[in-house]
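Everything below belongs to model.txt, which stores compact mmCIF, C-alpha atoms.
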```
# COMPACT_ATOMS: atom_id res chain seq x y z
CA HIS A 1 85.57 105.28 114.36
CA LEU A 2 88.10 104.71 111.64
CA SER A 3 90.25 107.56 110.46
CA LYS A 4 89.30 109.41 107.28
CA SER A 5 92.34 108.31 105.30
CA LYS A 6 91.55 106.89 101.86
CA LYS A 7 92.17 103.27 102.90
CA THR A 8 90.23 103.11 106.14
CA TYR A 9 87.50 105.77 105.87
CA ARG A 10 84.04 104.43 106.70
CA PRO A 11 81.36 106.87 107.84
CA GLU A 12 79.10 106.08 110.77
CA ILE A 13 75.54 105.09 109.89
CA LYS A 14 72.37 106.26 111.62
CA ILE A 15 68.99 104.85 110.66
CA CYS A 16 66.42 107.38 111.87
CA GLY A 17 62.65 107.42 112.27
CA ILE A 18 62.44 103.90 113.73
CA THR A 19 58.94 103.17 115.08
CA ASN A 20 58.90 99.41 115.67
CA LEU A 21 61.03 96.53 116.92
CA ASP A 22 61.11 94.73 113.56
CA ASP A 23 62.75 97.71 111.83
CA ALA A 24 65.10 98.30 114.75
CA ARG A 25 66.37 94.71 114.60
CA ALA A 26 66.68 94.82 110.80
CA ALA A 27 68.78 98.00 111.03
CA CYS A 28 71.07 96.39 113.61
CA GLU A 29 71.47 93.26 111.47
CA ALA A 30 72.22 95.35 108.38
CA GLY A 31 75.10 97.06 110.21
CA ALA A 32 73.79 100.41 111.48
CA ASP A 33 75.79 102.14 114.23
CA TYR A 34 72.90 104.20 115.58
CA LEU A 35 69.11 103.96 115.69
CA GLY A 36 67.16 107.22 115.76
CA PHE A 37 63.74 107.61 117.42
CA VAL A 38 61.66 110.74 116.86
CA LEU A 39 60.10 111.97 120.11
CA PHE A 40 58.08 114.71 118.45
CA ASN A 41 54.31 114.20 118.30
CA GLN A 42 53.80 116.09 115.05
CA SER A 43 56.19 113.89 113.07
CA PRO A 44 54.77 111.10 110.86
CA ARG A 45 57.53 108.96 112.43
CA ALA A 46 56.74 109.87 116.04
CA ILE A 47 57.17 107.30 118.77
CA SER A 48 56.05 107.60 122.39
CA PRO A 49 58.57 107.28 125.22
CA ASP A 50 56.75 104.13 126.43
CA ALA A 51 56.94 102.45 123.02
CA LEU A 52 60.59 103.45 122.68
CA ARG A 53 61.41 102.04 126.11
CA ARG A 54 59.81 98.69 125.21
CA ILE A 55 61.85 98.51 121.99
CA ARG A 56 65.07 99.52 123.74
CA GLU A 57 64.66 96.76 126.33
CA LYS A 58 64.65 94.15 123.56
CA LEU A 59 67.74 95.46 121.74
CA ASP A 60 71.38 94.65 122.34
CA LYS A 61 72.90 97.21 124.69
CA THR A 62 75.82 97.76 122.29
CA ILE A 63 73.59 99.49 119.71
CA LYS A 64 73.50 103.24 120.29
CA CYS A 65 70.04 104.81 120.47
CA VAL A 66 69.45 108.46 119.63
CA GLY A 67 66.36 110.36 120.77
CA VAL A 68 65.35 113.15 118.42
CA PHE A 69 63.73 116.13 120.16
CA VAL A 70 62.08 119.35 118.98
CA ASN A 71 61.94 122.25 121.47
CA LYS A 72 61.60 120.09 124.59
CA SER A 73 62.88 121.51 127.88
CA PRO A 74 66.24 120.25 129.15
CA LEU A 75 64.52 118.56 132.12
CA ALA A 76 62.01 116.78 129.88
CA VAL A 77 64.80 115.62 127.56
CA ALA A 78 66.88 114.34 130.48
CA LYS A 79 63.92 112.44 131.97
CA ILE A 80 62.96 110.75 128.68
CA ALA A 81 66.60 109.89 127.98
CA ALA A 82 66.94 108.23 131.38
CA ASP A 83 63.58 106.43 131.19
CA CYS A 84 64.20 105.11 127.67
CA GLY A 85 67.88 104.22 127.98
CA LEU A 86 69.00 106.68 125.32
CA ASP A 87 72.73 107.03 124.63
CA ILE A 88 72.44 110.32 122.74
CA VAL A 89 69.96 113.18 122.35
CA GLN A 90 69.59 115.06 119.09
CA LEU A 91 68.21 118.61 119.24
CA CYS A 92 66.50 119.89 116.11
CA ALA A 93 65.02 123.33 116.63
CA GLU A 94 65.48 126.52 118.68
CA GLU A 95 67.15 124.88 121.67
CA GLN A 96 69.83 127.10 123.22
CA TYR A 97 73.27 125.82 124.16
CA GLN A 98 73.27 127.51 127.57
CA ALA A 99 70.11 125.65 128.57
CA PHE A 100 71.55 122.23 127.68
CA ARG A 101 75.27 122.58 128.38
CA LEU A 102 75.14 121.08 131.88
CA LEU A 103 73.12 118.00 130.97
CA PRO A 104 75.17 114.82 131.50
CA LEU A 105 74.22 113.59 128.04
CA GLN A 106 75.91 113.26 124.69
CA ILE A 107 74.27 115.89 122.48
CA TRP A 108 74.00 116.01 118.71
CA ARG A 109 72.87 119.30 117.16
CA VAL A 110 70.92 119.61 113.92
CA ILE A 111 72.22 122.42 111.74
CA ARG A 112 70.85 123.75 108.47
CA ILE A 113 72.32 125.95 105.75
CA GLN A 114 70.64 129.33 105.51
CA ASP A 115 71.98 132.11 103.30
CA GLY A 116 75.19 130.17 102.82
CA LEU A 117 75.89 129.71 106.53
CA ALA A 118 75.33 126.85 108.98
CA GLN A 119 72.66 127.69 111.56
CA PRO A 120 73.10 127.59 114.43
CA PRO A 121 76.84 128.10 113.93
CA PRO A 122 78.73 125.04 115.26
CA SER A 123 81.35 127.33 116.79
CA LYS A 124 78.63 128.78 119.05
CA TRP A 125 76.81 125.51 119.79
CA PRO A 126 79.34 122.92 121.01
CA ALA A 127 78.09 119.37 120.39
CA GLU A 128 79.41 115.84 119.92
CA ARG A 129 78.07 115.67 116.35
CA TYR A 130 76.37 118.05 113.94
CA VAL A 131 73.53 116.61 111.86
CA LEU A 132 73.34 118.65 108.67
CA ASP A 133 69.79 118.46 107.33
CA ALA A 134 68.00 120.20 104.48
CA SER A 135 66.43 123.53 105.37
CA GLN A 136 62.64 123.59 105.10
CA ALA A 137 60.52 125.99 107.11
CA ASP A 138 58.72 124.44 110.09
CA LEU A 139 59.72 120.91 109.06
CA TYR A 140 62.18 119.03 111.26
CA GLY A 141 63.79 116.36 109.08
CA GLY A 142 62.43 113.38 107.19
CA THR A 143 61.36 115.57 104.27
CA GLY A 144 63.42 113.84 101.59
CA ALA A 145 64.90 117.20 100.50
CA VAL A 146 68.58 116.98 99.53
CA THR A 147 71.20 119.04 101.38
CA ASP A 148 73.75 121.24 99.59
CA TRP A 149 76.62 118.75 99.35
CA THR A 150 79.24 121.32 98.34
CA MET A 151 78.55 123.37 101.45
CA ALA A 152 78.32 120.17 103.48
CA ALA A 153 81.82 119.16 102.36
CA ARG A 154 83.22 122.41 103.76
CA ILE A 155 81.54 121.86 107.12
CA ALA A 156 82.68 118.22 107.21
CA LYS A 157 86.32 119.33 107.03
CA GLU A 158 85.94 121.23 110.30
CA PHE A 159 83.38 119.34 112.37
CA LYS A 160 82.15 115.81 113.13
CA MET A 161 79.18 116.03 110.81
CA MET A 162 76.43 113.53 110.08
CA LEU A 163 75.07 114.17 106.59
CA ALA A 164 71.28 113.95 106.42
CA GLY A 165 68.64 115.12 103.98
CA GLY A 166 67.42 113.18 100.96
CA LEU A 167 69.90 110.32 101.15
CA THR A 168 68.90 107.11 99.33
CA PRO A 169 70.55 103.85 98.21
CA ALA A 170 70.92 105.48 94.77
CA ASN A 171 72.83 108.59 95.86
CA ILE A 172 74.65 107.56 99.04
CA ALA A 173 77.93 106.57 97.33
CA THR A 174 78.09 109.92 95.49
CA ALA A 175 77.19 111.87 98.64
CA ILE A 176 79.96 110.18 100.63
CA ARG A 177 82.51 110.74 97.86
CA ILE A 178 81.70 114.47 97.60
CA VAL A 179 81.12 115.31 101.26
CA ARG A 180 83.34 112.84 103.17
CA PRO A 181 81.14 113.19 106.27
CA TYR A 182 81.88 111.71 109.66
CA GLY A 183 78.58 109.86 109.33
CA VAL A 184 75.34 109.59 107.38
CA ASP A 185 71.76 109.77 108.62
CA VAL A 186 68.85 108.34 106.61
CA SER A 187 65.12 108.15 107.24
CA SER A 188 62.65 108.73 104.39
CA GLY A 189 65.04 107.37 101.72
CA ILE A 190 64.68 103.79 102.99
CA GLU A 191 60.98 103.71 103.82
CA CYS A 192 58.07 101.92 102.17
CA ARG A 193 55.75 104.37 103.97
CA HIS A 194 56.05 106.92 106.78
CA GLY A 195 57.40 105.16 109.85
CA LYS A 196 57.95 101.77 108.18
CA LYS A 197 61.35 100.81 106.77
CA ASP A 198 61.92 98.84 103.60
CA HIS A 199 64.46 96.27 104.81
CA GLU A 200 65.85 95.62 101.34
CA LYS A 201 66.41 99.34 100.73
CA MET A 202 68.06 99.56 104.14
CA ARG A 203 70.52 96.82 103.18
CA PHE A 204 71.18 98.45 99.78
CA PHE A 205 71.96 101.69 101.65
CA ILE A 206 74.26 100.17 104.28
CA ASP A 207 76.06 97.38 102.38
CA PRO A 208 78.18 99.60 100.08
CA ILE A 209 79.34 101.61 103.12
CA ASN A 210 80.33 98.53 105.09
CA HIS A 211 82.16 96.75 102.23
```

What would the structure in this file look like if it were written as structure tokens?
Amino acid sequence: HLSKSKKTYRPEIKICGITNLDDARAACEAGADYLGFVLFNQSPRAISPDALRRIREKLDKTIKCVGVFVNKSPLAVAKIAADCGLDIVQLCAEEQYQAFRLLPLQIWRVIRIQDGLAQPPPSKWPAERYVLDASQADLYGGTGAVTDWTMAARIAKEFKMMLAGGLTPANIATAIRIVRPYGVDVSSGIECRHGKKDHEKMRFFIDPINH
């Protein structure tokens, strides 16, 4: 990852909510760094471990794949990660650090701003990245709601933070300028319908970041 100096700063890019090989390949070709797969049955972008494994087998091994989990046990997460060839697991709900700290996996932690504070506090939940998403009760991402960018900018100064929540091709340049995040994470903002990406929107989102 390039440093965050004015000349070389380029945030990492994660395309999340991938459900099919066509979208996965299009994201890779457009220049994404990470592909996100939602392993949560109640999500409109849910994918089964079997379907994810079949997609992963057809992708270049250099692309990093992130499995998104909601309140799965550490053993279940570890098994799915191994079976599907995941590089990273992203935890989105009430998962406790002590339960996951010994897993030999790279962990990203979703945080949300509640009453002006990041929850769970990054200082108490060590992780490789923090995915800052919009706070909506009982909904785990992909809502299209925009995060508080001012608060996000403060968190980004301290932690490796992936900015999520309501990002689109229209607002991504402004979001990056205000927040200066370590990376950005988009799902609903580049879809033509739940679980299906609009490849043109995906390029419009990624191109300005990469050039």

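Atom to atom, atom CA of Pro169 of chain A and atom CA of Asp22 of chain A stand 20.2 Å apart.
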
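Nearest-residue note for Ile88 of chain A: choosing from A:Gln106, A:Gln119, A:Ser43, A:Asn20, the minimum distance belongs to A:Gln106, counting all atoms listed in the file.
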
With the cut-off set at 10 Å and counting all atoms listed in the file, tabulate each residue of segment 28-85 of chain A with an atom at most that distance from an atom of segment 188-201 of chain A, showing the nearest atom pair and its distance in Å to one decimal, ordered by chain and increasing number, as a Markdown table.
```
| residue | atom | partner | partner_atom | distance |
| --- | --- | --- | --- | --- |
| A:Ala30 | CA | A:His199 | CA | 8.6 |
| A:Val38 | CA | A:Gly195 | CA | 9.9 |
| A:Ser43 | CA | A:Gly195 | CA | 9.4 |
| A:Pro44 | CA | A:His194 | CA | 6.0 |
| A:Arg45 | CA | A:Gly195 | CA | 4.6 |
| A:Ala46 | CA | A:Gly195 | CA | 7.8 |
| A:Ile47 | CA | A:Gly195 | CA | 9.2 |
```

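Going from atom CA of Cys65 of chain A to atom CA of Arg154 of chain A covers 27.6 Å.
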
Listed atoms of segment 146-152 of chain A boxed axis-aligned with 3 Å per side, centre + edges as AutoDock Vina command-line options:
```
--center_x 73.9 --center_y 120.2 --center_z 100.9 --size_x 16.7 --size_y 12.4 --size_z 11.1
```

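Closest to Gln98 of chain A among A:Ala127, A:Ala32, A:Leu167, A:Ala173 is A:Ala127, based on all atoms listed in the file.
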
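Considering the residues A:Lys14, A:Arg180, A:Arg101, A:Arg129 and counting all atoms listed in the file, Trp149 of chain A has its shortest atom-to-atom contact with A:Arg180.
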
Give me, as JSON lines, each residue of segment 24-112 of chain A that comes within 12 Å of segment 155-161 of chain A, together with its shortest interatomic pair and the distance in Å at one decimal, counting only C-alpha atoms, with rows ordered by chain and rising residue number.
```
{"residue": "A:Trp108", "atom": "CA", "partner": "A:Met161", "partner_atom": "CA", "distance": 9.4}
{"residue": "A:Arg109", "atom": "CA", "partner": "A:Met161", "partner_atom": "CA", "distance": 9.5}
{"residue": "A:Val110", "atom": "CA", "partner": "A:Met161", "partner_atom": "CA", "distance": 9.5}
{"residue": "A:Ile111", "atom": "CA", "partner": "A:Met161", "partner_atom": "CA", "distance": 9.5}
{"residue": "A:Arg112", "atom": "CA", "partner": "A:Ile155", "partner_atom": "CA", "distance": 10.9}
```

Among listed residues A:Gln114, A:Ser48, A:Gln90, A:Asn41, nearest Asp185 of chain A (using only C-alpha atoms): A:Gln90

task: Write out as number ranges by chain which residues come within 8 Å of Leu21 of chain A when counting all atoms listed in the file, dropping same-chain ones fewer than 2 positions away.
output: A: 19, 23-25, 55, 58

- request: Name all residues at most 10 Å from Ile176 of chain A (count all atoms listed in the file; drop same-chain ones fewer than 6 positions away) and give them as a VMD selection string.
  value: chain A and resid 10 to 11 149 153 163 182 to 184 209

Output segment 73-97 of chain A with N, CA and C atoms present, as a PDB file, in the frame of the given file.
```
ATOM      1  N   SER A  73      62.044 120.908 126.835  1.00  0.00           N
ATOM      2  CA  SER A  73      62.880 121.510 127.880  1.00  0.00           C
ATOM      3  C   SER A  73      64.015 120.571 128.242  1.00  0.00           C
ATOM      4  N   PRO A  74      65.127 121.112 128.740  1.00  0.00           N
ATOM      5  CA  PRO A  74      66.240 120.250 129.150  1.00  0.00           C
ATOM      6  C   PRO A  74      65.815 119.186 130.166  1.00  0.00           C
ATOM      7  N   LEU A  75      64.947 119.537 131.112  1.00  0.00           N
ATOM      8  CA  LEU A  75      64.520 118.560 132.120  1.00  0.00           C
ATOM      9  C   LEU A  75      63.698 117.441 131.489  1.00  0.00           C
ATOM     10  N   ALA A  76      62.821 117.800 130.555  1.00  0.00           N
ATOM     11  CA  ALA A  76      62.010 116.780 129.880  1.00  0.00           C
ATOM     12  C   ALA A  76      62.888 115.856 129.050  1.00  0.00           C
ATOM     13  N   VAL A  77      63.871 116.425 128.362  1.00  0.00           N
ATOM     14  CA  VAL A  77      64.800 115.620 127.560  1.00  0.00           C
ATOM     15  C   VAL A  77      65.577 114.658 128.448  1.00  0.00           C
ATOM     16  N   ALA A  78      66.084 115.167 129.566  1.00  0.00           N
ATOM     17  CA  ALA A  78      66.880 114.340 130.480  1.00  0.00           C
ATOM     18  C   ALA A  78      66.039 113.192 131.049  1.00  0.00           C
ATOM     19  N   LYS A  79      64.788 113.481 131.397  1.00  0.00           N
ATOM     20  CA  LYS A  79      63.920 112.440 131.970  1.00  0.00           C
ATOM     21  C   LYS A  79      63.621 111.348 130.941  1.00  0.00           C
ATOM     22  N   ILE A  80      63.260 111.739 129.725  1.00  0.00           N
ATOM     23  CA  ILE A  80      62.960 110.750 128.680  1.00  0.00           C
ATOM     24  C   ILE A  80      64.201 109.934 128.351  1.00  0.00           C
ATOM     25  N   ALA A  81      65.345 110.605 128.277  1.00  0.00           N
ATOM     26  CA  ALA A  81      66.600 109.890 127.980  1.00  0.00           C
ATOM     27  C   ALA A  81      66.887 108.830 129.025  1.00  0.00           C
ATOM     28  N   ALA A  82      66.686 109.183 130.293  1.00  0.00           N
ATOM     29  CA  ALA A  82      66.940 108.230 131.380  1.00  0.00           C
ATOM     30  C   ALA A  82      65.913 107.089 131.360  1.00  0.00           C
ATOM     31  N   ASP A  83      64.650 107.437 131.185  1.00  0.00           N
ATOM     32  CA  ASP A  83      63.580 106.430 131.190  1.00  0.00           C
ATOM     33  C   ASP A  83      63.717 105.433 130.037  1.00  0.00           C
ATOM     34  N   CYS A  84      64.177 105.935 128.885  1.00  0.00           N
ATOM     35  CA  CYS A  84      64.200 105.110 127.670  1.00  0.00           C
ATOM     36  C   CYS A  84      65.563 104.481 127.385  1.00  0.00           C
ATOM     37  N   GLY A  85      66.553 104.778 128.206  1.00  0.00           N
ATOM     38  CA  GLY A  85      67.880 104.220 127.980  1.00  0.00           C
ATOM     39  C   GLY A  85      68.562 104.769 126.741  1.00  0.00           C
ATOM     40  N   LEU A  86      68.367 106.065 126.487  1.00  0.00           N
ATOM     41  CA  LEU A  86      69.000 106.680 125.320  1.00  0.00           C
ATOM     42  C   LEU A  86      70.488 106.928 125.580  1.00  0.00           C
ATOM     43  N   ASP A  87      71.287 106.747 124.540  1.00  0.00           N
ATOM     44  CA  ASP A  87      72.730 107.030 124.630  1.00  0.00           C
ATOM     45  C   ASP A  87      73.028 108.471 124.228  1.00  0.00           C
ATOM     46  N   ILE A  88      72.186 109.022 123.361  1.00  0.00           N
ATOM     47  CA  ILE A  88      72.440 110.320 122.740  1.00  0.00           C
ATOM     48  C   ILE A  88      71.119 111.046 122.580  1.00  0.00           C
ATOM     49  N   VAL A  89      71.146 112.384 122.706  1.00  0.00           N
ATOM     50  CA  VAL A  89      69.960 113.180 122.350  1.00  0.00           C
ATOM     51  C   VAL A  89      70.322 114.114 121.209  1.00  0.00           C
ATOM     52  N   GLN A  90      69.391 114.220 120.271  1.00  0.00           N
ATOM     53  CA  GLN A  90      69.590 115.060 119.090  1.00  0.00           C
ATOM     54  C   GLN A  90      68.569 116.197 119.145  1.00  0.00           C
ATOM     55  N   LEU A  91      69.070 117.429 119.122  1.00  0.00           N
ATOM     56  CA  LEU A  91      68.210 118.610 119.240  1.00  0.00           C
ATOM     57  C   LEU A  91      68.053 119.261 117.867  1.00  0.00           C
ATOM     58  N   CYS A  92      66.802 119.560 117.506  1.00  0.00           N
ATOM     59  CA  CYS A  92      66.500 119.890 116.110  1.00  0.00           C
ATOM     60  C   CYS A  92      65.993 121.303 115.853  1.00  0.00           C
ATOM     61  N   ALA A  93      65.734 122.083 116.894  1.00  0.00           N
ATOM     62  CA  ALA A  93      65.020 123.330 116.630  1.00  0.00           C
ATOM     63  C   ALA A  93      65.688 124.542 117.270  1.00  0.00           C
ATOM     64  N   GLU A  94      64.951 125.243 118.136  1.00  0.00           N
ATOM     65  CA  GLU A  94      65.480 126.520 118.680  1.00  0.00           C
ATOM     66  C   GLU A  94      66.174 126.348 120.027  1.00  0.00           C
ATOM     67  N   GLU A  95      66.510 125.126 120.378  1.00  0.00           N
ATOM     68  CA  GLU A  95      67.150 124.880 121.670  1.00  0.00           C
ATOM     69  C   GLU A  95      68.450 125.703 121.802  1.00  0.00           C
ATOM     70  N   GLN A  96      68.655 126.260 122.976  1.00  0.00           N
ATOM     71  CA  GLN A  96      69.830 127.100 123.220  1.00  0.00           C
ATOM     72  C   GLN A  96      70.917 126.318 123.960  1.00  0.00           C
ATOM     73  N   TYR A  97      72.147 126.545 123.559  1.00  0.00           N
ATOM     74  CA  TYR A  97      73.270 125.820 124.160  1.00  0.00           C
ATOM     75  C   TYR A  97      73.327 126.022 125.673  1.00  0.00           C
TER      76      TYR A  97
END
```
